[in-house]
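The file model20.cif comes next; it holds mmCIF, N, CA and C atoms.
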data_structure
loop_
_atom_site.label_atom_id
_atom_site.label_comp_id
_atom_site.auth_asym_id
_atom_site.auth_seq_id
_atom_site.Cartn_x
_atom_site.Cartn_y
_atom_site.Cartn_z
N MET A 1 8.26 9.98 20.03
CA MET A 1 9.32 10.02 19.03
C MET A 1 9.15 11.27 18.18
N ARG A 2 10.25 11.98 17.96
CA ARG A 2 10.19 13.15 17.08
C ARG A 2 9.82 12.72 15.68
N PRO A 3 9.12 13.58 14.94
CA PRO A 3 8.75 13.22 13.57
C PRO A 3 9.96 12.91 12.71
N VAL A 4 9.76 11.98 11.81
CA VAL A 4 10.83 11.51 10.94
C VAL A 4 11.37 12.64 10.07
N ALA A 5 10.52 13.51 9.57
CA ALA A 5 11.00 14.60 8.72
C ALA A 5 12.02 15.44 9.47
N GLY A 6 11.79 15.67 10.74
CA GLY A 6 12.75 16.44 11.53
C GLY A 6 14.07 15.72 11.67
N LYS A 7 14.03 14.41 11.89
CA LYS A 7 15.27 13.63 12.03
C LYS A 7 16.04 13.60 10.72
N LEU A 8 15.33 13.43 9.61
CA LEU A 8 16.01 13.42 8.32
C LEU A 8 16.60 14.79 8.01
N GLY A 9 15.87 15.84 8.37
CA GLY A 9 16.33 17.20 8.10
C GLY A 9 17.61 17.57 8.82
N GLU A 10 18.00 16.77 9.80
CA GLU A 10 19.25 17.02 10.52
C GLU A 10 20.47 16.54 9.74
N LEU A 11 20.27 15.73 8.72
CA LEU A 11 21.39 15.21 7.94
C LEU A 11 21.93 16.30 7.01
N PRO A 12 23.25 16.48 6.96
CA PRO A 12 23.84 17.53 6.12
C PRO A 12 23.47 17.34 4.65
N GLY A 13 23.04 18.42 4.01
CA GLY A 13 22.74 18.40 2.58
C GLY A 13 21.40 17.81 2.23
N LEU A 14 20.61 17.36 3.21
CA LEU A 14 19.32 16.75 2.94
C LEU A 14 18.22 17.79 3.10
N THR A 15 17.37 17.91 2.08
CA THR A 15 16.23 18.82 2.11
C THR A 15 14.95 18.01 2.15
N VAL A 16 14.13 18.25 3.16
CA VAL A 16 12.81 17.61 3.27
C VAL A 16 11.79 18.55 2.64
N TYR A 17 10.90 18.02 1.81
CA TYR A 17 9.87 18.82 1.16
C TYR A 17 8.55 18.63 1.89
N GLY A 18 7.76 19.67 1.91
CA GLY A 18 6.46 19.62 2.56
C GLY A 18 6.53 20.18 3.98
N ILE A 19 5.54 19.87 4.75
CA ILE A 19 5.42 20.38 6.12
C ILE A 19 6.54 19.82 6.98
N ARG A 20 7.27 20.70 7.64
CA ARG A 20 8.36 20.29 8.53
C ARG A 20 8.08 20.64 9.99
N SER A 21 7.15 21.53 10.22
CA SER A 21 6.84 21.98 11.57
C SER A 21 6.20 20.86 12.39
N VAL A 22 6.75 20.61 13.57
CA VAL A 22 6.19 19.58 14.45
C VAL A 22 4.75 19.92 14.82
N ALA A 23 4.46 21.20 15.01
CA ALA A 23 3.11 21.62 15.38
C ALA A 23 2.09 21.28 14.30
N ARG A 24 2.54 21.23 13.05
CA ARG A 24 1.63 20.93 11.94
C ARG A 24 1.73 19.48 11.47
N TRP A 25 2.43 18.65 12.23
CA TRP A 25 2.66 17.26 11.83
C TRP A 25 1.40 16.51 11.46
N PRO A 26 0.28 16.68 12.18
CA PRO A 26 -0.93 15.94 11.80
C PRO A 26 -1.45 16.26 10.40
N GLU A 27 -1.00 17.35 9.80
CA GLU A 27 -1.42 17.73 8.46
C GLU A 27 -0.65 16.99 7.36
N ARG A 28 0.46 16.34 7.71
CA ARG A 28 1.30 15.66 6.72
C ARG A 28 0.65 14.38 6.23
N ALA A 29 0.97 14.05 4.99
CA ALA A 29 0.65 12.72 4.47
C ALA A 29 1.64 11.75 5.14
N PRO A 30 1.35 10.45 5.15
CA PRO A 30 2.24 9.50 5.83
C PRO A 30 3.48 9.14 5.03
N THR A 31 4.05 10.11 4.34
CA THR A 31 5.29 9.92 3.60
C THR A 31 6.15 11.16 3.76
N VAL A 32 7.44 11.00 3.49
CA VAL A 32 8.38 12.12 3.51
C VAL A 32 9.14 12.09 2.19
N SER A 33 9.15 13.23 1.49
CA SER A 33 9.92 13.35 0.25
C SER A 33 11.14 14.21 0.52
N PHE A 34 12.28 13.80 -0.07
CA PHE A 34 13.51 14.54 0.18
C PHE A 34 14.47 14.40 -0.98
N ARG A 35 15.51 15.23 -0.95
CA ARG A 35 16.64 15.14 -1.87
C ARG A 35 17.90 15.37 -1.07
N ILE A 36 19.01 14.83 -1.56
CA ILE A 36 20.31 15.07 -0.96
C ILE A 36 21.12 15.84 -1.99
N SER A 37 21.66 16.96 -1.57
CA SER A 37 22.42 17.84 -2.45
C SER A 37 23.53 17.07 -3.17
N GLY A 38 23.57 17.25 -4.49
CA GLY A 38 24.61 16.64 -5.30
C GLY A 38 24.39 15.18 -5.63
N ARG A 39 23.24 14.62 -5.23
CA ARG A 39 22.98 13.20 -5.51
C ARG A 39 21.65 13.06 -6.24
N HIS A 40 21.66 12.29 -7.31
CA HIS A 40 20.44 11.99 -8.06
C HIS A 40 19.56 11.09 -7.18
N PRO A 41 18.24 11.28 -7.19
CA PRO A 41 17.37 10.45 -6.36
C PRO A 41 17.56 8.94 -6.54
N ARG A 42 17.85 8.50 -7.75
CA ARG A 42 18.07 7.07 -7.99
C ARG A 42 19.32 6.59 -7.25
N GLU A 43 20.37 7.44 -7.19
CA GLU A 43 21.60 7.09 -6.47
C GLU A 43 21.37 6.99 -4.97
N VAL A 44 20.33 7.61 -4.49
CA VAL A 44 19.98 7.52 -3.07
C VAL A 44 19.08 6.30 -2.85
N ALA A 45 18.10 6.10 -3.73
CA ALA A 45 17.11 5.04 -3.56
C ALA A 45 17.69 3.63 -3.72
N GLU A 46 18.56 3.44 -4.69
CA GLU A 46 19.08 2.09 -4.95
C GLU A 46 19.84 1.49 -3.76
N PRO A 47 20.79 2.22 -3.14
CA PRO A 47 21.47 1.62 -1.99
C PRO A 47 20.53 1.41 -0.80
N LEU A 48 19.55 2.29 -0.64
CA LEU A 48 18.58 2.08 0.44
C LEU A 48 17.80 0.80 0.21
N GLY A 49 17.40 0.55 -1.04
CA GLY A 49 16.69 -0.68 -1.36
C GLY A 49 17.53 -1.92 -1.09
N ARG A 50 18.82 -1.86 -1.42
CA ARG A 50 19.70 -3.01 -1.14
C ARG A 50 19.82 -3.27 0.36
N GLU A 51 19.63 -2.23 1.17
CA GLU A 51 19.69 -2.36 2.63
C GLU A 51 18.33 -2.75 3.23
N GLY A 52 17.33 -2.93 2.37
CA GLY A 52 16.01 -3.32 2.86
C GLY A 52 15.13 -2.17 3.29
N VAL A 53 15.53 -0.94 2.95
CA VAL A 53 14.72 0.23 3.26
C VAL A 53 13.85 0.52 2.05
N CYS A 54 12.54 0.53 2.23
CA CYS A 54 11.61 0.73 1.11
C CYS A 54 11.43 2.21 0.84
N VAL A 55 11.95 2.66 -0.29
CA VAL A 55 11.80 4.03 -0.74
C VAL A 55 11.47 4.01 -2.23
N TRP A 56 11.05 5.13 -2.75
CA TRP A 56 10.76 5.30 -4.16
C TRP A 56 11.50 6.53 -4.63
N ASP A 57 11.78 6.58 -5.93
CA ASP A 57 12.34 7.80 -6.50
C ASP A 57 11.58 8.13 -7.77
N ALA A 58 11.51 9.38 -8.12
CA ALA A 58 10.86 9.92 -9.32
C ALA A 58 9.83 10.96 -8.91
N ASN A 59 8.66 10.96 -9.60
CA ASN A 59 7.65 11.97 -9.29
C ASN A 59 6.39 11.40 -8.65
N PHE A 60 6.28 10.10 -8.51
CA PHE A 60 5.16 9.44 -7.80
C PHE A 60 3.81 9.85 -8.37
N TYR A 61 3.74 10.01 -9.67
CA TYR A 61 2.52 10.46 -10.36
C TYR A 61 2.10 11.86 -9.93
N GLY A 62 3.04 12.62 -9.38
CA GLY A 62 2.79 14.00 -8.99
C GLY A 62 3.68 14.93 -9.80
N ARG A 63 3.62 14.78 -11.11
CA ARG A 63 4.50 15.54 -11.99
C ARG A 63 4.38 17.04 -11.78
N GLU A 64 3.16 17.54 -11.53
CA GLU A 64 2.98 18.98 -11.33
C GLU A 64 3.78 19.46 -10.12
N VAL A 65 3.85 18.64 -9.09
CA VAL A 65 4.60 19.02 -7.88
C VAL A 65 6.09 19.08 -8.19
N THR A 66 6.62 18.05 -8.83
CA THR A 66 8.06 18.05 -9.12
C THR A 66 8.42 19.11 -10.15
N GLU A 67 7.51 19.44 -11.05
CA GLU A 67 7.76 20.54 -11.97
C GLU A 67 7.80 21.87 -11.22
N ARG A 68 6.87 22.06 -10.31
CA ARG A 68 6.82 23.31 -9.54
C ARG A 68 8.07 23.47 -8.66
N LEU A 69 8.59 22.35 -8.17
CA LEU A 69 9.81 22.38 -7.36
C LEU A 69 11.08 22.41 -8.21
N VAL A 70 10.91 22.42 -9.53
CA VAL A 70 12.01 22.40 -10.49
C VAL A 70 12.89 21.16 -10.25
N ARG A 71 12.24 20.03 -10.08
CA ARG A 71 12.95 18.76 -9.86
C ARG A 71 12.57 17.69 -10.89
N GLU A 72 11.60 17.96 -11.74
CA GLU A 72 11.13 16.96 -12.70
C GLU A 72 12.25 16.51 -13.64
N GLY A 73 13.01 17.43 -14.19
CA GLY A 73 14.09 17.07 -15.11
C GLY A 73 15.35 16.62 -14.41
N GLN A 74 15.31 16.54 -13.08
CA GLN A 74 16.49 16.15 -12.29
C GLN A 74 16.25 14.86 -11.51
N GLY A 75 15.30 14.05 -11.96
CA GLY A 75 15.05 12.77 -11.31
C GLY A 75 13.99 12.79 -10.23
N GLY A 76 13.38 13.94 -9.99
CA GLY A 76 12.31 14.01 -9.00
C GLY A 76 12.83 14.06 -7.58
N LEU A 77 12.23 13.24 -6.72
CA LEU A 77 12.54 13.21 -5.29
C LEU A 77 12.69 11.77 -4.83
N VAL A 78 13.13 11.59 -3.62
CA VAL A 78 13.11 10.29 -2.95
C VAL A 78 11.97 10.36 -1.95
N ARG A 79 11.19 9.30 -1.84
CA ARG A 79 10.07 9.30 -0.90
C ARG A 79 10.13 8.04 -0.05
N VAL A 80 9.89 8.23 1.23
CA VAL A 80 9.85 7.12 2.18
C VAL A 80 8.57 7.22 2.98
N GLY A 81 7.90 6.09 3.17
CA GLY A 81 6.74 6.03 4.05
C GLY A 81 7.27 5.83 5.46
N ALA A 82 7.43 6.92 6.18
CA ALA A 82 8.16 6.84 7.45
C ALA A 82 7.47 7.61 8.56
N LEU A 83 6.29 7.21 8.90
CA LEU A 83 5.64 7.85 10.04
C LEU A 83 5.35 6.79 11.09
N ARG A 84 4.17 6.71 11.58
CA ARG A 84 3.83 5.85 12.71
C ARG A 84 4.20 4.37 12.56
N PRO A 85 4.06 3.77 11.37
CA PRO A 85 4.34 2.33 11.31
C PRO A 85 5.81 1.96 11.48
N ASN A 86 6.70 2.90 11.30
CA ASN A 86 8.12 2.58 11.37
C ASN A 86 8.61 2.59 12.82
N THR A 87 9.48 1.65 13.10
CA THR A 87 10.07 1.57 14.44
C THR A 87 11.25 2.53 14.55
N PRO A 88 11.63 2.92 15.75
CA PRO A 88 12.83 3.75 15.89
C PRO A 88 14.06 3.11 15.26
N GLU A 89 14.16 1.78 15.31
CA GLU A 89 15.31 1.10 14.70
C GLU A 89 15.30 1.27 13.18
N GLU A 90 14.14 1.20 12.55
CA GLU A 90 14.06 1.39 11.09
C GLU A 90 14.44 2.81 10.70
N ILE A 91 14.05 3.78 11.49
CA ILE A 91 14.42 5.17 11.21
C ILE A 91 15.92 5.36 11.41
N ARG A 92 16.49 4.75 12.44
CA ARG A 92 17.94 4.82 12.66
C ARG A 92 18.67 4.23 11.47
N GLN A 93 18.19 3.08 10.97
CA GLN A 93 18.80 2.44 9.82
C GLN A 93 18.74 3.34 8.59
N LEU A 94 17.61 3.99 8.37
CA LEU A 94 17.46 4.90 7.24
C LEU A 94 18.50 6.02 7.33
N ARG A 95 18.63 6.64 8.48
CA ARG A 95 19.60 7.73 8.65
C ARG A 95 21.03 7.23 8.46
N GLU A 96 21.32 6.04 8.97
CA GLU A 96 22.67 5.48 8.84
C GLU A 96 23.03 5.25 7.38
N VAL A 97 22.12 4.67 6.62
CA VAL A 97 22.40 4.40 5.20
C VAL A 97 22.54 5.71 4.43
N LEU A 98 21.73 6.72 4.75
CA LEU A 98 21.81 7.99 4.05
C LEU A 98 23.13 8.71 4.31
N ARG A 99 23.76 8.43 5.42
CA ARG A 99 25.04 9.09 5.74
C ARG A 99 26.22 8.48 4.99
N ARG A 100 26.07 7.28 4.46
CA ARG A 100 27.18 6.61 3.78
C ARG A 100 27.49 7.29 2.46
N PRO A 101 28.75 7.26 2.04
CA PRO A 101 29.09 7.82 0.73
C PRO A 101 28.45 6.99 -0.39
N VAL A 102 28.20 7.64 -1.49
CA VAL A 102 27.62 6.96 -2.65
C VAL A 102 28.69 6.11 -3.30
N PRO A 103 28.42 4.80 -3.49
CA PRO A 103 29.43 3.95 -4.16
C PRO A 103 29.58 4.36 -5.63
N GLU A 104 30.76 4.18 -6.14
CA GLU A 104 31.02 4.49 -7.55
C GLU A 104 30.22 3.53 -8.42
N ARG A 105 29.67 4.05 -9.51
CA ARG A 105 28.95 3.19 -10.46
C ARG A 105 29.96 2.42 -11.30
N THR A 106 29.64 1.16 -11.58
CA THR A 106 30.55 0.34 -12.41
C THR A 106 29.97 0.11 -13.77
#
Please lay out the structure from this file as structure tokens.
Amino acid sequence: MRPVAGKLGELPGLTVYGIRSVARWPERAPTVSFRISGRHPREVAEPLGREGVCVWDANFYGREVTERLVREGQGGLVRVGALRPNTPEEIRQLREVLRRPVPERT
């Protein structure tokens, strides 16, 4: 199975942070952090959670990283633990939910 970061990186407007090279995949931590252009991380994380996809948003106690990426004042990043333990179906579900439009807040 291709690495999850590569699959997520194929989604329009989605930026994966950290190592993206398949050749360097063993150097990655077992999580993937990302942002979607024009969407606050909380707006991405909440619908994923309602769909049963476990993700986090904010700085994950890595404030120096989000400050260096100039994302600290913008809600940080979205992070998913999506490497070996996830099934291809779970990764497909993650990509499907990320492609949906953001519902209007009420």
**Asked** Which one is closest to Arg42 (chain A): A:Gly18, A:Pro30, A:Gly13, A:Gly76? Count all atoms listed in the file.
**Response** A:Gly76
Residue members of the PyMOL selection byres (((chain A and resi 36-38 and name CA) around 10) and name CA) in the file shown, as a PDB file with N, CA and C atoms, in the coordinates of the input:
ATOM      1  N   LEU A  11      20.270  15.730   8.720  1.00  0.00           N
ATOM      2  CA  LEU A  11      21.390  15.210   7.940  1.00  0.00           C
ATOM      3  C   LEU A  11      21.930  16.300   7.010  1.00  0.00           C
ATOM      4  N   PRO A  12      23.250  16.480   6.960  1.00  0.00           N
ATOM      5  CA  PRO A  12      23.840  17.530   6.120  1.00  0.00           C
ATOM      6  C   PRO A  12      23.470  17.340   4.650  1.00  0.00           C
ATOM      7  N   GLY A  13      23.040  18.420   4.010  1.00  0.00           N
ATOM      8  CA  GLY A  13      22.740  18.400   2.580  1.00  0.00           C
ATOM      9  C   GLY A  13      21.400  17.810   2.230  1.00  0.00           C
ATOM     10  N   LEU A  14      20.610  17.360   3.210  1.00  0.00           N
ATOM     11  CA  LEU A  14      19.320  16.750   2.940  1.00  0.00           C
ATOM     12  C   LEU A  14      18.220  17.790   3.100  1.00  0.00           C
ATOM     13  N   THR A  15      17.370  17.910   2.080  1.00  0.00           N
ATOM     14  CA  THR A  15      16.230  18.820   2.110  1.00  0.00           C
ATOM     15  C   THR A  15      14.950  18.010   2.150  1.00  0.00           C
ATOM     16  N   VAL A  16      14.130  18.250   3.160  1.00  0.00           N
ATOM     17  CA  VAL A  16      12.810  17.610   3.270  1.00  0.00           C
ATOM     18  C   VAL A  16      11.790  18.550   2.640  1.00  0.00           C
ATOM     19  N   PHE A  34      12.280  13.800  -0.070  1.00  0.00           N
ATOM     20  CA  PHE A  34      13.510  14.540   0.180  1.00  0.00           C
ATOM     21  C   PHE A  34      14.470  14.400  -0.980  1.00  0.00           C
ATOM     22  N   ARG A  35      15.510  15.230  -0.950  1.00  0.00           N
ATOM     23  CA  ARG A  35      16.640  15.140  -1.870  1.00  0.00           C
ATOM     24  C   ARG A  35      17.900  15.370  -1.070  1.00  0.00           C
ATOM     25  N   ARG A  39      23.240  14.620  -5.230  1.00  0.00           N
ATOM     26  CA  ARG A  39      22.980  13.200  -5.510  1.00  0.00           C
ATOM     27  C   ARG A  39      21.650  13.060  -6.240  1.00  0.00           C
ATOM     28  N   HIS A  40      21.660  12.290  -7.310  1.00  0.00           N
ATOM     29  CA  HIS A  40      20.440  11.990  -8.060  1.00  0.00           C
ATOM     30  C   HIS A  40      19.560  11.090  -7.180  1.00  0.00           C
ATOM     31  N   PRO A  41      18.240  11.280  -7.190  1.00  0.00           N
ATOM     32  CA  PRO A  41      17.370  10.450  -6.360  1.00  0.00           C
ATOM     33  C   PRO A  41      17.560   8.940  -6.540  1.00  0.00           C
ATOM     34  N   GLU A  43      20.370   7.440  -7.190  1.00  0.00           N
ATOM     35  CA  GLU A  43      21.600   7.090  -6.470  1.00  0.00           C
ATOM     36  C   GLU A  43      21.370   6.990  -4.970  1.00  0.00           C
ATOM     37  N   VAL A  44      20.330   7.610  -4.490  1.00  0.00           N
ATOM     38  CA  VAL A  44      19.980   7.520  -3.070  1.00  0.00           C
ATOM     39  C   VAL A  44      19.080   6.300  -2.850  1.00  0.00           C
ATOM     40  N   LEU A  77      12.230  13.240  -6.720  1.00  0.00           N
ATOM     41  CA  LEU A  77      12.540  13.210  -5.290  1.00  0.00           C
ATOM     42  C   LEU A  77      12.690  11.770  -4.830  1.00  0.00           C
ATOM     43  N   VAL A  78      13.130  11.590  -3.620  1.00  0.00           N
ATOM     44  CA  VAL A  78      13.110  10.290  -2.950  1.00  0.00           C
ATOM     45  C   VAL A  78      11.970  10.360  -1.950  1.00  0.00           C
ATOM     46  N   LEU A  98      21.730   6.720   4.750  1.00  0.00           N
ATOM     47  CA  LEU A  98      21.810   7.990   4.050  1.00  0.00           C
ATOM     48  C   LEU A  98      23.130   8.710   4.310  1.00  0.00           C
TER      49      LEU A  98
END
**Request:** One decimal, Å: what's the distance from CA of Ala45 (chain A) over to CA of Trp25 (chain A), could you say?
**Result:**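 We find that CA of Ala45 (chain A) and CA of Trp25 (chain A) lie 24.4 Å from each other.
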**Asked** Pick from A:Arg28, A:Arg79, A:Arg71, A:Arg20: nearest to Trp56 (chain A), with all atoms listed in the file counted?
**Response**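 Nearest to Trp56 (chain A): A:Arg79.
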First collect every listed atom of region 48-60 of chain A; then fit an axis-aligned box around them, widen it by 4 Å on each side, and give centre and edge lengths in Å to one decimal, as lines of an AutoDock Vina configuration file.
center_x = 11.8
center_y = 4.3
center_z = -3.2
size_x = 24.0
size_y = 23.3
size_z = 20.9
**Prompt:** Which one of A:Glu64, A:Gly73, A:Tyr17, A:Gly81 sits closest to Ser33 (chain A) if you count all atoms listed in the file?
**Reply:** A:Tyr17
